[in-house]
Every structure is written in C-alpha cells, then in structure tokens.
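Here the structure comes first, spelled out in structure tokens, and everything after it is commentary.
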Amino acid sequence: MSLSDTVAIPAPPHPVMQVLRMLWRDKVALAASVFLVFIVFCAIFGPALFEDIATKQNLRGRNAAPFDFSKDWIFWLGGDALGRPLLARIIVAAQNTIMVAAGAVVCSLLIGTTLGLIAGYTSTRVSQVIMRLADVIMSFPSLLLAVIVLYMLAPSVTNLIIVLAITRIPVYLRTSRAEVLEVRERMFVQAAQVMGASTGRIVFRHILPIVFPTLVTIATLDFAFVMLAESSLSFLGIGIQPPEITWGMMVAQGRPYLTTAWWLSFWPGMAIILTTLSLNLLSNWMRTALDPVQRWRLETTPRKK
Amino acid sequence: MMAGHLLEVRGLSVDFHTAQGAVHAVRNVSWHLDRGETLAILGESGSGKSVSASAIMNLIDCPPGDIDSGEVLFEGRDVLKMSDEQRRQLNGKRIAMIFQDPLSHLNPVYTVGFQIMETMTTHGVSKADARARTLELMERVGIPDFGTKIDAYPHQFSGGQRQRLMIAMALALKPDILIADEPTTALDVTVQAQILALLEELQKETGMGLLLITHDLGVVAEVADRVVVMNSGEIVETGSAAEVYRNPHHPYTKKLISAVPGTGGMAASLGTGIRPLLDVQGISKRFGDFLALDEATFTVLPGETVAIVGESGSGKSTLAKALLRLIEPTSGAAFYDSRDLVTMPPKELFELRRDIQMVFQDPTQSLNPRMSVYQIVSEAFAIHRDILPKDRWQGRVRELLEQVGLDASHMRRYPHQFSGGQRQRIAIARALALEPKLIICDEAVSALDVSIQAQVIRLLRGLQERLHLSYLFIAHDLPLVRDFAHRVVVMQAGRIVEQGPVRQIFEAPQADYTRSLIAASLHPDPEVQAERRAVRELRREA
C-alpha cells in the first residue's frame, strides 16, 4: 500500500445507493428482502382488499384441495373447513400476525437492550437489581404469565404485544449485558475515555454498534417464537379470537384435519417459515454489511470459479 | 552415514489462496540445519519466516495453503511425500516445536504433568516411566518444587515457567530437532535471557539442531550460529550471525540492522531550572491488599521525554492509568500546571483531557473497528466542541494525517485496511487532534516490527521538536529507551528503584535491578553479545 499516491478523495456514493448495491450482490438476501416487502404489502393492504372473500363461507367448497386450477385463482391453495379460500385468509392474517410479532419483538428488543446497556455499564448495584428482575421473569413460565395477565386484561392486540414483549425481554437483556461487559474493557473504549467522551457517547457510539448485530440476529430468531407463542395463546382462548385471524391460529385450526386435509395447517405454517427464514437471511446479510472488516465481501464481484 | 544435513529445505514455495487471489507466502526457500547447530530465521511480520517451519511440522492447512514445489529432507527422506501417519511418528518424537505464547498451547483443564506425560505415552512409553521422566525434565528446565508442581495446572505458573514447561514437553522424547517459534517474545528481558541460556545448555547436552524463528536481532546475536534473513517470502541473505551483522550485503538486511535501537547517541538532559509540566508526588494505588503502585514521585519537563521502564507487573501501566484518572489513585498528588490531577473535579478534568493524551500499545485494539479513520480522528472535535467548527473538521483531519505521514485520501477507510505501523500513526493523529502538551505512550511501539518501530520513533521525535510535546514513554525495551528518552525512571514491583538522565542510567546504573535489566537486554552485535556472555559466565563461576 503506497502512501504517496495523491488521488483526491472520491465522494462516497449516496448511502441508499450503497445499500442497494450491496443487496444486489447477495442474491439470497435480495430474494429474502423482496419476499419481506411482499409480506409487508399484504399486511398493510391485505385486509382492505380481501377481507370479504376471506370471511365468506362456502360450504360446498369445504376443505377444497389445493392446485385445482379449474377454480378461481384465490382457491389455488385450497379452502378451509368452512370453504374459505386459504390464500385470501393468509394474506388477510398477515396484518395481525406481523403486527403482534413485530410489535412484541421490537418492544422487547428496545427495552431489553436499554436495560442491558444500563446493567452492563453502571454500578454493580443497579446491575444487580436489573438482573434479578430478569431472573424473576425468566423463572416464571411465560405462558402462565400471559394467561394471568390476559385473563385480567381484555385480550386485545396491544395487550398481547405487551405480554409477549415482557416475556422476551430477558433474552436481549442478558445478551446485551454480557456483550457490554466485554466490549467496555476494550482498548478503544479506554481511548475514548481518555479523550473525555461522555458515558452516553461511549455507550451509543462505541459499544452499541458492536453489540447491535448480535441482538438483531437474536431478534429475527425470536420472530418465529413469538408467532407461535401468539398462536398457543389464541388456542387457549386468550389471544386473538375469531373472526380475527393470524397464521398461528390458522395452523392451530387446521390441526384436527391434518390427516384428511394437510393444506389447512401447511400453507400458514409455510408462511411462518418463509417469513422467519427471510428475516434470518436478511439479518445475516446485514451483519456483513454493517461490519467494515467483512463488507468487502459484498462490494467486490464474486470470482468465477 | 550422514552425508547430507540433518534437515534440509530445498526450493520450498507455499501459496495461500485467499478471496483476493493467491498470496505467495514463501518462494523458493532453501536452508539446512545440522546436528548441534543453531540456525535462526530472521524476519519481520509477514516475511514468511514461520511458513517453512509449519511445512515441516505439517501445520499448513491445505486448502487454503498449497505447497507448490520443493522438498523437506529429514535425514535424507522427504517428509512432504510421507503419509500423515509417518509424519505423526516424526512430529514430537524426532522434531519438536515450542511456540510464542505458552499459555495458549497448554490445555488449562489438565495438569502440566499429565500434558508432558501425554507426549511420551502417545509414543508408547509406559505411564510410570513417563512420570519419572517428567519429573526429571521439570527439574532439568528449572521448575522449583517440581515434585508437587507436576500436579499443578498451567495458570499456577508464571509466563517464564510456562515456557520452561513447553520446553520440557518438547524435549520429552529427546528430539533431534527443536523448532522454537519466537520462544521469548512474550517474556520479560531477564526471563528471556534465562530461557535462551537454558535452550543453549540443553542443546549442548543433547546435540540437537535448534531452529529459531525470531524477529529480534538481539536473540540472533545471543544464540545463533548461522542466520537466514527473510523478507516478503524470500531469503535475502544467509551466513554466520557475526558475518551478516558485520557485512550485510542485501539492502533489506542493512536497513534492518540500522533500524535496531540502542546503537545511536543518547540525548542530553534538558537542563535545570525549568518549571516541570507534570509533577507527580508520591502516587500510590492499592488493589485490595496488593500495592500495585508505591509512592511514585517524578517530574516531566516541557518538551522532555521521560521513559518509565520495568518488567511486567512493575506497575508502569497502573501509573499511566492513575495519571489519566482511568483508575482512581489511593493516595498522592500529581500537579499539572500547579493543579492537582488527583483531586480535580470532573469538569476541570474534562478540560484537562485536551492537554494530556495517550497512545496505546496495540493499535489494532485501540481503534474502533467500526469507525472510519475520519470518524476516529474527528471524534476529538465532537467531544470537545469548542476546538473547531464542524465545517473545518475535514481540513484539520487531513492536516493531522499528513502530519503523521499518512495519505489524507485514506480518511474514509477503516482501521483494518492499514498495516500495524500505519494504525499506530492513526492513533497518534487522534492523540494530536486535541493539541495536547503531554502524550503518555503505553508501550506504544512494542507491538511493531523493528523497522516500523524506528519510523514511529522518528515521527514522535519530529513531532516533539515541532510541537514542543512532552512524552511519558512507558516501555520494557531498554535499547529503545536509550535512543529516545531524556530521562529514565526504573520501576520494579510497584516502586521506583532508580531515576536519572538517560546517560547516567545506562552508563553508571546504581540499583542492582537496573544493572540486571541492562545486562539482560540483548545487543544486536554478536561480538558484543559474546563478550557479555563471557562476563556472565565469569560472574556465575565466581
């Protein structure tokens, strides 16, 4: 590397362009993000477009088999026990599912990380209090907690988000605290202290960017967990109730028909798997994109073998 | 019977395939080693000095590694053509190896006795015999209390003792060749001298061939018969150690020898009657019952370099941290500009951070890997808002980078894209951004190669002249201190045992400890080193 070449500093390309270019390089992540955009689109506009079709019963089309291309396209994935088209129901259910899952994951991520940063960077006493709180939440069966809370409060989407978020907080809290305890001893944190950097600056500028990718990876894994937890709550009758629908609930509703009509559970299950998988792939890509040491993998064209 | 050499490497070329294409780790390397001889392979990081040893020991992972051509003859047989099973019979038994960092090569969950015995039992020695031999070896390498220590775990030994244990392990099966990869780099100078002496004695006893891989000309001068100098994967020079030092032919060797510290003139003192910039009065730091720093008292004048030397555990880094208030001193005072650093309230301390800055030992760790060079250097301005308006940051960063000899167009790059020496320059630029008057350098050049070290020292000296900076230079490397410092403070076990002008410390040391430190440090000239060794022998006999 020569030090003497005096090339003018090339203006860095616009950040959005840079991100898109890096996404283009990783075709798997690109496919994942396209799928996620589609899911988000369904979640926003699905109920408005397909609400009527999804709730209209058609007893002659009960448990209609999938791939019957002679029918209307909306029935291509088959019909459910009341003859409602599965495709339409999945699209409509996307809204509740994504809202609950994303809401719970984002809330627990934010609260858990904040508490974890505090626990990791302040006095031992504060840290002890926070950690014992986390222990209490962890040692309490999460489903039982949800049952009690939702029994007392009305089972609504907001309450569901709150309950699920609380039960997932310790995961982020413990991870971020452990990471902070390690990162705060690194030399560049000391270097910042020597320069007189404030605690806020050290935490947000130096520690958080190192910890963040790990937390996002956990969050994407948690997404699937929360979707399934939500369906078990619905199953117990304290989550979201019919006629409202979610993917998890559709899986649960299809359970009695598994031997005769597998598609009732299969398609919503597929939606859950694909969404989580896409999130995972995307978080993987993001981990690489955020790390300057790894970023070249997305910036150079892959060599032909 | 031995027509050829004990070990001979002929025309060895090794490539490593990386994402950025093939890297030629070594190209066409040839050398040989005879019984009872010490051959040193000398080179800086990235020179490929360890690669041929790895090829001998079958430690190169293929892929990504790829042995392109060449042969490695051990007693006339090519080990590269042997089966893995045959090579395992050779490794450990006939050819043994010791490494730089003994802690990471000893398994923490087994006793050291078990680990030494294991080398023997895997090669078919009975348990009882192995244990007897282990005790014998531990005594031989100088482990005190070996009868009970055989059942101790690695963490219960000091760094020097661990290296002795590694040597014991390597010698368990009386190998014909011992390969030592930077065996003393992680150790203190006095311990280094002991280990090298031990290796030499053992070699005389067993008649093994010793292959020493090192970056340190002093180590070469101390033990090597012949030396192979490597640079970027090629051998640039071979010859007897004395000859290569006296008459280097290749420009690289010449550069390397001239870069070795400890041979230039010493700086004169700055004179008296100047008001000190920093006046440290009896500063102490206690961790529980352990007194890490015991009443350190010294001064630093404006424009002066004060070196603090001592071995690991001497409290020199604790002193630096106490002065920067990264840890709170237990007692004592430190006056900077007649204000006491120790009792200063946070607000004043914040202001003072601009005047006292620090450069850390390892630039790889002291630079945030997720920040660009521009962000790293300009952080100073973001923290101390009143220095510069934001629109002038970029110009100033450019200026600072040029001042430390870096290309300003690299400011959008990240630390990992630079070499070690360049990273340390970035760290210096960051320290300079606040326009400090005093920079504390904590082993700031110890992690760098000799030639890079010389460059960084030259840079620091130039900056001192231009900006009238003071340095508190913490180091364990005496030759470096001899070249760079005005005054020297010698520390041992938390206490200052001696301080004075550099000339006085090196030419007329008063404390015994200072004398033993100076005696243990290695001179790059084999003849000087031979003389010193003779003196040591005499003293031991007396």
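Please note that chains go A, B, ... in the order of the structure tokens, that every chain numbers its residues from 1, and that ligands are numbered from 1 in the order shown.
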
Item to check | Secondary structure check, helix (DSSP H, G or I) residues of region 67-274 of chain A, as a PyMOL selection string | outcome: chain A and resi 73-75+86-121+124-139+142-152+157-183+187-195+199-235+247-257+263-274

Next on the checklist: Using only C-alpha atoms, which protein or nucleic acid residues come within 7 Å of region 471-482 of chain B? Drop anything in the same chain fewer than 4 positions from it, and give the result as a VMD selection string.
Outcome noted: chain B and resid 261 to 262 266 304 to 311 316 438 to 443 502 521

Any chance you could export the current selection's N, CA and C atoms as an mmCIF file, in the first residue's frame?
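selection.cif, written as the output of this step:
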```cif
data_model
loop_
_atom_site.group_PDB
_atom_site.id
_atom_site.type_symbol
_atom_site.label_atom_id
_atom_site.label_comp_id
_atom_site.auth_asym_id
_atom_site.auth_seq_id
_atom_site.Cartn_x
_atom_site.Cartn_y
_atom_site.Cartn_z
ATOM 1 N N PRO B 261 17.297 -0.448 17.566
ATOM 2 C CA PRO B 261 17.567 0.627 18.513
ATOM 3 C C PRO B 261 18.724 0.282 19.444
ATOM 4 N N GLY B 262 19.222 1.277 20.140
ATOM 5 C CA GLY B 262 20.228 1.037 21.159
ATOM 6 C C GLY B 262 21.643 1.243 20.677
ATOM 7 N N MET B 266 23.004 9.119 22.856
ATOM 8 C CA MET B 266 21.966 9.358 23.850
ATOM 9 C C MET B 266 21.697 10.853 23.968
ATOM 10 N N GLU B 304 10.140 17.337 27.155
ATOM 11 C CA GLU B 304 11.033 16.274 27.573
ATOM 12 C C GLU B 304 10.391 14.897 27.380
ATOM 13 N N THR B 305 11.225 13.884 27.155
ATOM 14 C CA THR B 305 10.736 12.507 27.117
ATOM 15 C C THR B 305 11.222 11.785 28.358
ATOM 16 N N VAL B 306 10.278 11.386 29.189
ATOM 17 C CA VAL B 306 10.640 10.610 30.367
ATOM 18 C C VAL B 306 10.191 9.177 30.126
ATOM 19 N N ALA B 307 11.129 8.254 30.187
ATOM 20 C CA ALA B 307 10.781 6.854 29.965
ATOM 21 C C ALA B 307 10.573 6.172 31.294
ATOM 22 N N ILE B 308 9.530 5.337 31.363
ATOM 23 C CA ILE B 308 9.321 4.522 32.546
ATOM 24 C C ILE B 308 9.547 3.085 32.123
ATOM 25 N N VAL B 309 10.607 2.468 32.660
ATOM 26 C CA VAL B 309 10.891 1.102 32.252
ATOM 27 C C VAL B 309 10.685 0.151 33.420
ATOM 28 N N GLY B 310 10.393 -1.054 33.088
ATOM 29 C CA GLY B 310 10.158 -2.071 34.108
ATOM 30 C C GLY B 310 9.578 -3.285 33.433
ATOM 31 N N GLU B 311 9.605 -4.408 34.132
ATOM 32 C CA GLU B 311 9.079 -5.634 33.552
ATOM 33 C C GLU B 311 7.592 -5.731 33.858
ATOM 34 N N LYS B 316 3.943 -0.025 35.869
ATOM 35 C CA LYS B 316 4.096 1.127 34.978
ATOM 36 C C LYS B 316 2.789 1.496 34.275
ATOM 37 N N LEU B 438 1.138 16.902 26.692
ATOM 38 C CA LEU B 438 1.798 15.704 27.194
ATOM 39 C C LEU B 438 1.113 14.482 26.588
ATOM 40 N N ILE B 439 1.909 13.584 26.012
ATOM 41 C CA ILE B 439 1.339 12.336 25.499
ATOM 42 C C ILE B 439 1.937 11.176 26.280
ATOM 43 N N ILE B 440 1.060 10.339 26.825
ATOM 44 C CA ILE B 440 1.528 9.152 27.526
ATOM 45 C C ILE B 440 1.518 8.005 26.526
ATOM 46 N N CYS B 441 2.679 7.438 26.251
ATOM 47 C CA CYS B 441 2.766 6.337 25.296
ATOM 48 C C CYS B 441 2.950 5.055 26.085
ATOM 49 N N ASP B 442 1.898 4.230 26.141
ATOM 50 C CA ASP B 442 1.983 2.983 26.907
ATOM 51 C C ASP B 442 2.435 1.872 25.966
ATOM 52 N N GLU B 443 3.706 1.551 25.989
ATOM 53 C CA GLU B 443 4.275 0.514 25.111
ATOM 54 C C GLU B 443 3.851 0.780 23.667
ATOM 55 N N VAL B 502 19.316 9.769 31.018
ATOM 56 C CA VAL B 502 19.488 8.510 30.312
ATOM 57 C C VAL B 502 20.948 8.037 30.339
ATOM 58 N N SER B 521 19.391 -7.256 28.599
ATOM 59 C CA SER B 521 18.910 -6.823 27.293
ATOM 60 C C SER B 521 19.955 -7.184 26.240
#
```

Item to check | Residue list for chain B near chain A as an MDAnalysis selection string, 10 Å, only C-alpha atoms | outcome: chainID B and resid 19:21 321 324:326 346 349:372 376 379:384 405:419 422 427 430:431 433:434

Checklist entry - Neighbours of region 152-163 of chain A within 6 Å (only C-alpha atoms; same-chain residues fewer than 2 positions away dropped), as a ChimeraX atom specification? => result /A:100,103-104,146,149-150,165-166,238-239

Next on the checklist: Env of region 20-37 of chain A: 10 Å cut, atoms = only C-alpha atoms, seq-sep filter 2 positions within chain, self excluded. Answer as number ranges by chain.
Outcome noted: A: 15-18, 39-43, 274-286, 288-289, 295-302

Item to check | Nearest to Val456 (chain B), chosen from B:Leu59, B:Ile67, B:Val228, B:Ala429, with only C-alpha atoms counted in the distances | outcome: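 Using only C-alpha atoms, Val456 (chain B) sits closest to B:Ala429.
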
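The space between CA of Arg162 (chain B) and CA of Leu103 (chain B) spans 6.9 Å.
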
Checklist entry - In region 210-407 of chain B, what's strand (DSSP E or B) per DSSP? Answer as a PyMOL selection string? => result chain B and resi 210-214+226-231+234-240+278-287+290-300+305-309+331-336+339-340+356-359

Go ahead and write the selection's residues with C-alpha atoms as a PDB file, in the first residue's frame.
```
ATOM      1  CA  LEU B 210      17.882 -25.791  17.062  1.00  0.00           C
ATOM      2  CA  LEU B 211      15.830 -23.843  14.565  1.00  0.00           C
ATOM      3  CA  LEU B 212      14.965 -20.459  15.987  1.00  0.00           C
ATOM      4  CA  ILE B 213      12.394 -18.255  14.332  1.00  0.00           C
ATOM      5  CA  THR B 214      12.605 -14.671  15.509  1.00  0.00           C
ATOM      6  CA  ARG B 226      24.005 -19.069  11.331  1.00  0.00           C
ATOM      7  CA  VAL B 227      21.184 -16.809  10.251  1.00  0.00           C
ATOM      8  CA  VAL B 228      18.749 -16.745   7.341  1.00  0.00           C
ATOM      9  CA  VAL B 229      17.221 -13.325   6.718  1.00  0.00           C
ATOM     10  CA  MET B 230      13.800 -13.328   5.099  1.00  0.00           C
ATOM     11  CA  ASN B 231      11.801 -10.545   3.525  1.00  0.00           C
ATOM     12  CA  GLU B 234      12.197 -14.750   0.031  1.00  0.00           C
ATOM     13  CA  ILE B 235      15.567 -15.383   1.579  1.00  0.00           C
ATOM     14  CA  VAL B 236      17.634 -12.256   1.089  1.00  0.00           C
ATOM     15  CA  GLU B 237      20.746 -13.253   2.956  1.00  0.00           C
ATOM     16  CA  THR B 238      22.383 -16.259   4.650  1.00  0.00           C
ATOM     17  CA  GLY B 239      25.584 -16.566   6.591  1.00  0.00           C
ATOM     18  CA  SER B 240      27.128 -16.797  10.020  1.00  0.00           C
ATOM     19  CA  LEU B 278       3.915  17.389  35.391  1.00  0.00           C
ATOM     20  CA  ASP B 279       4.984  16.943  38.992  1.00  0.00           C
ATOM     21  CA  VAL B 280       3.996  13.576  40.432  1.00  0.00           C
ATOM     22  CA  GLN B 281       4.185  13.401  44.223  1.00  0.00           C
ATOM     23  CA  GLY B 282       4.015  10.018  45.931  1.00  0.00           C
ATOM     24  CA  ILE B 283       1.187   8.499  43.948  1.00  0.00           C
ATOM     25  CA  SER B 284       0.023   5.075  45.182  1.00  0.00           C
ATOM     26  CA  LYS B 285      -2.575   2.592  44.088  1.00  0.00           C
ATOM     27  CA  ARG B 286      -3.769  -0.332  46.128  1.00  0.00           C
ATOM     28  CA  PHE B 287      -5.949  -3.164  44.800  1.00  0.00           C
ATOM     29  CA  PHE B 290      -1.954  -5.652  46.738  1.00  0.00           C
ATOM     30  CA  LEU B 291       0.087  -2.473  46.450  1.00  0.00           C
ATOM     31  CA  ALA B 292       0.378  -2.040  42.690  1.00  0.00           C
ATOM     32  CA  LEU B 293       1.999   1.364  42.851  1.00  0.00           C
ATOM     33  CA  ASP B 294       4.010   2.549  45.807  1.00  0.00           C
ATOM     34  CA  GLU B 295       4.632   6.300  46.217  1.00  0.00           C
ATOM     35  CA  ALA B 296       5.836   7.129  42.720  1.00  0.00           C
ATOM     36  CA  THR B 297       7.492  10.543  42.591  1.00  0.00           C
ATOM     37  CA  PHE B 298       8.973  12.122  39.464  1.00  0.00           C
ATOM     38  CA  THR B 299       8.633  15.121  37.165  1.00  0.00           C
ATOM     39  CA  VAL B 300       8.253  15.724  33.448  1.00  0.00           C
ATOM     40  CA  THR B 305      10.736  12.507  27.117  1.00  0.00           C
ATOM     41  CA  VAL B 306      10.640  10.610  30.367  1.00  0.00           C
ATOM     42  CA  ALA B 307      10.781   6.854  29.965  1.00  0.00           C
ATOM     43  CA  ILE B 308       9.321   4.522  32.546  1.00  0.00           C
ATOM     44  CA  VAL B 309      10.891   1.102  32.252  1.00  0.00           C
ATOM     45  CA  SER B 331      -3.122   8.442  47.696  1.00  0.00           C
ATOM     46  CA  GLY B 332      -0.645  11.030  46.470  1.00  0.00           C
ATOM     47  CA  ALA B 333      -0.868  14.008  44.174  1.00  0.00           C
ATOM     48  CA  ALA B 334       0.090  14.864  40.616  1.00  0.00           C
ATOM     49  CA  PHE B 335       0.407  18.524  39.750  1.00  0.00           C
ATOM     50  CA  TYR B 336      -0.127  19.533  36.166  1.00  0.00           C
ATOM     51  CA  ARG B 339      -3.332  21.968  39.579  1.00  0.00           C
ATOM     52  CA  ASP B 340      -3.718  18.593  41.263  1.00  0.00           C
ATOM     53  CA  ILE B 356      -2.854  15.011  28.325  1.00  0.00           C
ATOM     54  CA  GLN B 357      -3.407  12.323  25.728  1.00  0.00           C
ATOM     55  CA  MET B 358      -2.493   8.701  25.428  1.00  0.00           C
ATOM     56  CA  VAL B 359      -1.254   6.343  22.718  1.00  0.00           C
TER      57      VAL B 359
END
```

Next on the checklist: Residues near Asp135 (chain A), anyone? I mean within 10 Å using only C-alpha atoms, not counting same-chain ones fewer than 5 positions away, as a ChimeraX atom specification.
Outcome noted: /A:129-130,140,170,174

Next on the checklist: Under the rule that only C-alpha atoms are counted, which of A:Thr55, A:Thr122, A:Thr114, A:Gln95 is the nearest residue to Thr199 (chain A)?
Outcome noted: A:Thr122

Checklist entry - CA of Met344 (chain B) and CA of Ala119 (chain A) are how many Å apart? => result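 Calculated distance between CA of Met344 (chain B) and CA of Ala119 (chain A) is 27.7 Å.
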
Checklist entry - If we count only C-alpha atoms, what is near Leu77 (chain A) at a cut-off of 7 Å, once residues fewer than 2 positions away on the same chain are taken out, given as a ChimeraX atom specification? => result /A:66-67,75,79,86-87

Item to check | Atom pair CA of Asp68 (chain B) / CA of Leu12 (chain B): separation (Å) | outcome: 7.5 Å
